[in-house]
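In what follows, a single structure is set out as structure tokens and then discussed.
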Protein chains: 2
Amino acid sequence: MSTSNRVFIATSIDGYIADADGKIDWLQSIPNPENIDLGYSDFLKGIEAIIMGRNTFETVLSFGIKWPYQLPVFVLTSSLKEIPEIVKTEKIELISGNLKQILAKLEHDGFHNIYVDGGRTIQAFINEDLIDEMVITIIPVILGAGIPLFSGIVNRLDFRCTETRIYLSQVVQNKFVRKRD
Amino acid sequence: MSTSNRVFIATSIDGYIADADGKIDWLQSIPNPENIDLGYSDFLKGIEAIIMGRNTFETVLSFGIKWPYQLPVFVLTSSLKEIPEIVKTEKIELISGNLKQILAKLEHDGFHNIYVDGGRTIQAFINEDLIDEMVITIIPVILGAGIPLFSGIVNRLDFRCTETRIYLSQVVQNKFVRKRD
């Protein structure tokens, strides 16, 4: 059975996922009166598990909201040794080590379509050519500085843009699929 | 009469306009059997003059092709003092100084819709909030390194994506218009 590792992320026009202060409030700067989810629930329909980095995990926890994931979440971390008490009852597992081995184990456990989240985690996957699809939503703002989605990438990789659409009359979402032919 | 300064440029997925060696051959990496122009001639229809930086000017000259512009070209430079012999008969003018003053003079001379080209020139315009529209074509490749379209930007600027389309089944072109309301 084939597997697919997918990204669903928002950036500024200049490619940042957080501003220079690490803040992401600008992601919410577009009026969204009906609170549409910009394709997120459709994206999740094809997903069986989530892999995120520790930064992203701790950012989600910092929101102080109810744990937002129903799907199993695997947190890539070498430093974190225990799942924080507050989310102890959620489907969360700490993992570390070689990405290909991790993915082989997940596949063996029935997780074929993985949502890969967090800048550094995405970069690590890209650097091993393990990303198959990226849905990138561009919030139409030039930030000037911040945390880039793509940094520390060592190899050139070819994709194909297969879908594009505009949300809320101003946000554009492009879907890129890895070209492996 | 209102004026409009417009960008029409291609970048990689990770936002580079040239690779780490300054090369742009990857821009031509997408098969284009009918040699379509990805909207370029349509874009030019609304344009009365071109402003480009010296780097871009010299890059165009380095191609060793016939001068490709019919429109008047203004080359922003403080170092170049003379138009090279080979393009002496073309509609080229060297300009320098304050961007707002340059634009006021161009407007006075009947040039209201300007095509702004070249990374550093675009950045200079953005930093004075003088860009009204950007048509950004994303060649679907992650390069990993290169010359970024956006760098040295000092202020946050809000745009709106008004159009998007896919060319050649894999290249996406997004049009962003500056939000001034």
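Within each chain, counting starts at residue 1; across the structure tokens, chains are named A, B, ... in the order shown, with ligands numbered 1 upward in that order.
Interface residues on chain B toward chain A (cut-off 7 Å, only C-alpha atoms): Asp14, Gly15, Pro140, Val141, Ile142, Leu143, Gly144, Phe150, Ser151, Gly152, Ile153, Val154, Asn155, Arg156, Leu157, Asp158, Phe159, Arg160, Cys161, Thr162, Thr164, Arg165, Ser169, Gln170, Val171 and Val172 of chain B.
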Write a file of the selected residues as an mmCIF file, in the first residue's frame, keeping N, CA, C and O atoms.
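Once everything was written out, this is again09.cif:
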```cif
data_model
loop_
_atom_site.group_PDB
_atom_site.id
_atom_site.type_symbol
_atom_site.label_atom_id
_atom_site.label_comp_id
_atom_site.auth_asym_id
_atom_site.auth_seq_id
_atom_site.Cartn_x
_atom_site.Cartn_y
_atom_site.Cartn_z
ATOM 1 N N ASP B 14 9.834 28.218 -2.934
ATOM 2 C CA ASP B 14 10.449 28.831 -1.756
ATOM 3 C C ASP B 14 10.868 30.283 -1.993
ATOM 4 O O ASP B 14 11.656 30.847 -1.218
ATOM 5 N N GLY B 15 10.337 30.907 -3.033
ATOM 6 C CA GLY B 15 10.432 32.365 -3.146
ATOM 7 C C GLY B 15 11.687 32.927 -3.768
ATOM 8 O O GLY B 15 11.972 34.116 -3.618
ATOM 9 N N PRO B 140 6.953 25.363 -9.902
ATOM 10 C CA PRO B 140 6.778 24.479 -8.741
ATOM 11 C C PRO B 140 8.014 23.649 -8.397
ATOM 12 O O PRO B 140 8.020 22.435 -8.483
ATOM 13 N N VAL B 141 9.041 24.346 -7.994
ATOM 14 C CA VAL B 141 10.267 23.681 -7.578
ATOM 15 C C VAL B 141 10.725 24.314 -6.255
ATOM 16 O O VAL B 141 10.590 25.526 -6.057
ATOM 17 N N ILE B 142 11.210 23.485 -5.364
ATOM 18 C CA ILE B 142 11.882 23.983 -4.161
ATOM 19 C C ILE B 142 13.364 24.020 -4.492
ATOM 20 O O ILE B 142 13.956 22.988 -4.804
ATOM 21 N N LEU B 143 13.960 25.205 -4.463
ATOM 22 C CA LEU B 143 15.375 25.330 -4.826
ATOM 23 C C LEU B 143 16.296 25.152 -3.623
ATOM 24 O O LEU B 143 17.410 24.674 -3.755
ATOM 25 N N GLY B 144 15.843 25.605 -2.463
ATOM 26 C CA GLY B 144 16.660 25.468 -1.263
ATOM 27 C C GLY B 144 17.531 26.673 -0.972
ATOM 28 O O GLY B 144 17.816 26.984 0.175
ATOM 29 N N PHE B 150 11.695 38.550 -2.011
ATOM 30 C CA PHE B 150 11.452 39.464 -0.900
ATOM 31 C C PHE B 150 12.591 39.364 0.097
ATOM 32 O O PHE B 150 12.777 38.334 0.733
ATOM 33 N N SER B 151 13.361 40.420 0.205
ATOM 34 C CA SER B 151 14.343 40.466 1.286
ATOM 35 C C SER B 151 14.597 41.924 1.603
ATOM 36 O O SER B 151 14.408 42.804 0.755
ATOM 37 N N GLY B 152 14.968 42.187 2.800
ATOM 38 C CA GLY B 152 15.191 43.569 3.211
ATOM 39 C C GLY B 152 13.926 44.403 3.228
ATOM 40 O O GLY B 152 13.968 45.628 3.121
ATOM 41 N N ILE B 153 12.774 43.749 3.392
ATOM 42 C CA ILE B 153 11.501 44.475 3.458
ATOM 43 C C ILE B 153 11.300 44.939 4.906
ATOM 44 O O ILE B 153 11.447 44.140 5.835
ATOM 45 N N VAL B 154 10.974 46.196 5.079
ATOM 46 C CA VAL B 154 10.945 46.736 6.433
ATOM 47 C C VAL B 154 9.551 46.899 7.025
ATOM 48 O O VAL B 154 9.403 47.021 8.241
ATOM 49 N N ASN B 155 8.534 46.921 6.176
ATOM 50 C CA ASN B 155 7.192 47.155 6.697
ATOM 51 C C ASN B 155 6.229 46.063 6.273
ATOM 52 O O ASN B 155 6.385 45.478 5.210
ATOM 53 N N ARG B 156 5.253 45.834 7.081
ATOM 54 C CA ARG B 156 4.177 44.908 6.721
ATOM 55 C C ARG B 156 3.211 45.597 5.757
ATOM 56 O O ARG B 156 2.834 46.749 5.963
ATOM 57 N N LEU B 157 2.851 44.895 4.690
ATOM 58 C CA LEU B 157 1.923 45.441 3.700
ATOM 59 C C LEU B 157 0.850 44.411 3.381
ATOM 60 O O LEU B 157 1.164 43.251 3.117
ATOM 61 N N ASP B 158 -0.384 44.853 3.359
ATOM 62 C CA ASP B 158 -1.497 43.946 3.076
ATOM 63 C C ASP B 158 -1.915 44.010 1.615
ATOM 64 O O ASP B 158 -2.047 45.092 1.030
ATOM 65 N N PHE B 159 -2.119 42.837 1.048
ATOM 66 C CA PHE B 159 -2.600 42.705 -0.322
ATOM 67 C C PHE B 159 -3.881 41.874 -0.305
ATOM 68 O O PHE B 159 -4.387 41.487 0.756
ATOM 69 N N ARG B 160 -4.375 41.619 -1.501
ATOM 70 C CA ARG B 160 -5.544 40.782 -1.701
ATOM 71 C C ARG B 160 -5.243 39.943 -2.932
ATOM 72 O O ARG B 160 -4.791 40.492 -3.944
ATOM 73 N N CYS B 161 -5.414 38.643 -2.858
ATOM 74 C CA CYS B 161 -5.246 37.836 -4.071
ATOM 75 C C CYS B 161 -6.546 37.900 -4.858
ATOM 76 O O CYS B 161 -7.602 37.499 -4.357
ATOM 77 N N THR B 162 -6.489 38.436 -6.062
ATOM 78 C CA THR B 162 -7.718 38.641 -6.842
ATOM 79 C C THR B 162 -7.879 37.625 -7.968
ATOM 80 O O THR B 162 -8.983 37.445 -8.465
ATOM 81 N N THR B 164 -6.234 33.746 -9.674
ATOM 82 C CA THR B 164 -5.259 32.660 -9.686
ATOM 83 C C THR B 164 -5.566 31.740 -10.845
ATOM 84 O O THR B 164 -6.727 31.587 -11.225
ATOM 85 N N ARG B 165 -4.525 31.193 -11.450
ATOM 86 C CA ARG B 165 -4.749 30.186 -12.489
ATOM 87 C C ARG B 165 -3.523 29.304 -12.641
ATOM 88 O O ARG B 165 -2.414 29.676 -12.263
ATOM 89 N N SER B 169 -0.536 22.826 -16.659
ATOM 90 C CA SER B 169 -0.912 21.766 -15.701
ATOM 91 C C SER B 169 -0.017 21.688 -14.472
ATOM 92 O O SER B 169 -0.078 20.701 -13.733
ATOM 93 N N GLN B 170 0.810 22.720 -14.225
ATOM 94 C CA GLN B 170 1.664 22.597 -13.038
ATOM 95 C C GLN B 170 2.213 23.901 -12.477
ATOM 96 O O GLN B 170 2.701 23.936 -11.347
ATOM 97 N N VAL B 171 2.118 24.967 -13.265
ATOM 98 C CA VAL B 171 2.626 26.267 -12.819
ATOM 99 C C VAL B 171 1.433 27.089 -12.332
ATOM 100 O O VAL B 171 0.414 27.134 -13.008
ATOM 101 N N VAL B 172 1.558 27.726 -11.173
ATOM 102 C CA VAL B 172 0.436 28.536 -10.698
ATOM 103 C C VAL B 172 0.811 30.013 -10.693
ATOM 104 O O VAL B 172 1.950 30.385 -10.405
#
```
From a backbone DSSP assignment, name each residue in chain B labelled helix (DSSP H, G or I), as a ChimeraX atom specification. /B:25-28,40-45,54-62,85-87,99-108,119-127
Against stretch 115-118 of chain B, which residues of stretch 38-94 of chain B fall within 10 Å? For each one I want the closest pair of atoms and the distance in Å (one decimal), counting only C-alpha atoms, rows by chain and increasing residue number, as JSON lines.
```
{"residue": "B:Phe43", "atom": "CA", "partner": "B:Tyr115", "partner_atom": "CA", "distance": 9.0}
{"residue": "B:Leu44", "atom": "CA", "partner": "B:Tyr115", "partner_atom": "CA", "distance": 7.9}
{"residue": "B:Gly46", "atom": "CA", "partner": "B:Tyr115", "partner_atom": "CA", "distance": 9.2}
{"residue": "B:Ile47", "atom": "CA", "partner": "B:Tyr115", "partner_atom": "CA", "distance": 6.3}
{"residue": "B:Glu48", "atom": "CA", "partner": "B:Tyr115", "partner_atom": "CA", "distance": 7.9}
{"residue": "B:Ala49", "atom": "CA", "partner": "B:Tyr115", "partner_atom": "CA", "distance": 6.3}
{"residue": "B:Ile50", "atom": "CA", "partner": "B:Tyr115", "partner_atom": "CA", "distance": 4.6}
{"residue": "B:Ile51", "atom": "CA", "partner": "B:Val116", "partner_atom": "CA", "distance": 5.0}
{"residue": "B:Met52", "atom": "CA", "partner": "B:Asp117", "partner_atom": "CA", "distance": 4.7}
{"residue": "B:Gly53", "atom": "CA", "partner": "B:Gly118", "partner_atom": "CA", "distance": 5.8}
{"residue": "B:Arg54", "atom": "CA", "partner": "B:Gly118", "partner_atom": "CA", "distance": 8.5}
{"residue": "B:Asn55", "atom": "CA", "partner": "B:Gly118", "partner_atom": "CA", "distance": 7.3}
{"residue": "B:Thr56", "atom": "CA", "partner": "B:Gly118", "partner_atom": "CA", "distance": 5.4}
{"residue": "B:Phe57", "atom": "CA", "partner": "B:Gly118", "partner_atom": "CA", "distance": 8.5}
{"residue": "B:Thr59", "atom": "CA", "partner": "B:Gly118", "partner_atom": "CA", "distance": 9.8}
{"residue": "B:Leu71", "atom": "CA", "partner": "B:Tyr115", "partner_atom": "CA", "distance": 9.9}
{"residue": "B:Val73", "atom": "CA", "partner": "B:Tyr115", "partner_atom": "CA", "distance": 9.3}
{"residue": "B:Phe74", "atom": "CA", "partner": "B:Val116", "partner_atom": "CA", "distance": 9.7}
{"residue": "B:Val75", "atom": "CA", "partner": "B:Asp117", "partner_atom": "CA", "distance": 9.8}
```
Could you write out that same residue set with N, CA and C atoms as a compact mmCIF listing (two decimals), in the first residue's frame?
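Final file, selection.txt:
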```txt
# COMPACT_ATOMS: atom_id res chain seq x y z
N PHE B 43 -0.40 40.96 -19.71
CA PHE B 43 0.08 41.87 -18.67
C PHE B 43 0.63 43.15 -19.30
N LEU B 44 1.42 43.00 -20.35
CA LEU B 44 2.07 44.16 -20.97
C LEU B 44 1.07 45.12 -21.62
N GLY B 46 -1.44 46.52 -20.49
CA GLY B 46 -1.81 47.64 -19.64
C GLY B 46 -0.64 48.52 -19.23
N ILE B 47 0.52 48.26 -19.77
CA ILE B 47 1.76 48.90 -19.30
C ILE B 47 2.26 49.93 -20.30
N GLU B 48 2.77 51.06 -19.79
CA GLU B 48 3.27 52.11 -20.67
C GLU B 48 4.79 52.28 -20.61
N ALA B 49 5.38 51.81 -19.54
CA ALA B 49 6.84 51.92 -19.43
C ALA B 49 7.34 50.88 -18.43
N ILE B 50 8.63 50.60 -18.50
CA ILE B 50 9.25 49.61 -17.62
C ILE B 50 10.35 50.29 -16.81
N ILE B 51 10.36 50.03 -15.52
CA ILE B 51 11.50 50.45 -14.69
C ILE B 51 12.20 49.17 -14.23
N MET B 52 13.48 49.08 -14.49
CA MET B 52 14.22 47.93 -13.99
C MET B 52 15.53 48.40 -13.37
N GLY B 53 16.09 47.53 -12.55
CA GLY B 53 17.38 47.85 -11.95
C GLY B 53 18.52 47.55 -12.92
N ARG B 54 19.69 48.00 -12.55
CA ARG B 54 20.85 47.77 -13.40
C ARG B 54 21.16 46.29 -13.55
N ASN B 55 21.02 45.53 -12.44
CA ASN B 55 21.27 44.08 -12.52
C ASN B 55 20.40 43.42 -13.59
N THR B 56 19.13 43.73 -13.54
CA THR B 56 18.21 43.13 -14.51
C THR B 56 18.57 43.58 -15.92
N PHE B 57 18.86 44.87 -16.07
CA PHE B 57 19.26 45.41 -17.37
C PHE B 57 20.47 44.64 -17.93
N THR B 59 21.51 41.72 -17.01
CA THR B 59 21.14 40.31 -17.25
C THR B 59 20.49 40.18 -18.62
N LEU B 71 8.44 48.82 -25.30
CA LEU B 71 8.09 49.93 -24.41
C LEU B 71 9.34 50.68 -23.95
N VAL B 73 12.08 51.85 -21.59
CA VAL B 73 12.67 51.23 -20.40
C VAL B 73 13.50 52.25 -19.64
N PHE B 74 13.22 52.39 -18.36
CA PHE B 74 14.01 53.28 -17.50
C PHE B 74 14.85 52.40 -16.57
N VAL B 75 16.14 52.58 -16.65
CA VAL B 75 17.06 51.75 -15.86
C VAL B 75 17.51 52.55 -14.64
```
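Closest approach to A:Leu130 among A:Gly146, A:Phe111, A:Arg6, A:Ala20 is made by A:Arg6 (distances from only C-alpha atoms).
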Residue set, chain B restricted to strand (DSSP E or B), as a ChimeraX atom specification: /B:4-12,16-18,49-53,73-76,92-95,113-117,133-139,141-142,147-148,157-167,171-178
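Taking atom CA of A:Ile122 and atom CA of B:Ile9 as the two end points, the separation is 26.4 Å.
Between atom CA of B:Thr3 and atom CA of B:His112 there is a distance of 4.5 Å.
Closest to B:Leu27 among B:Lys88, B:Val7, B:Thr137, B:Lys105 is B:Thr137, based on only C-alpha atoms.
Separating atom CA of B:Arg180 from atom CA of B:Glu133 is a distance of 11.6 Å.
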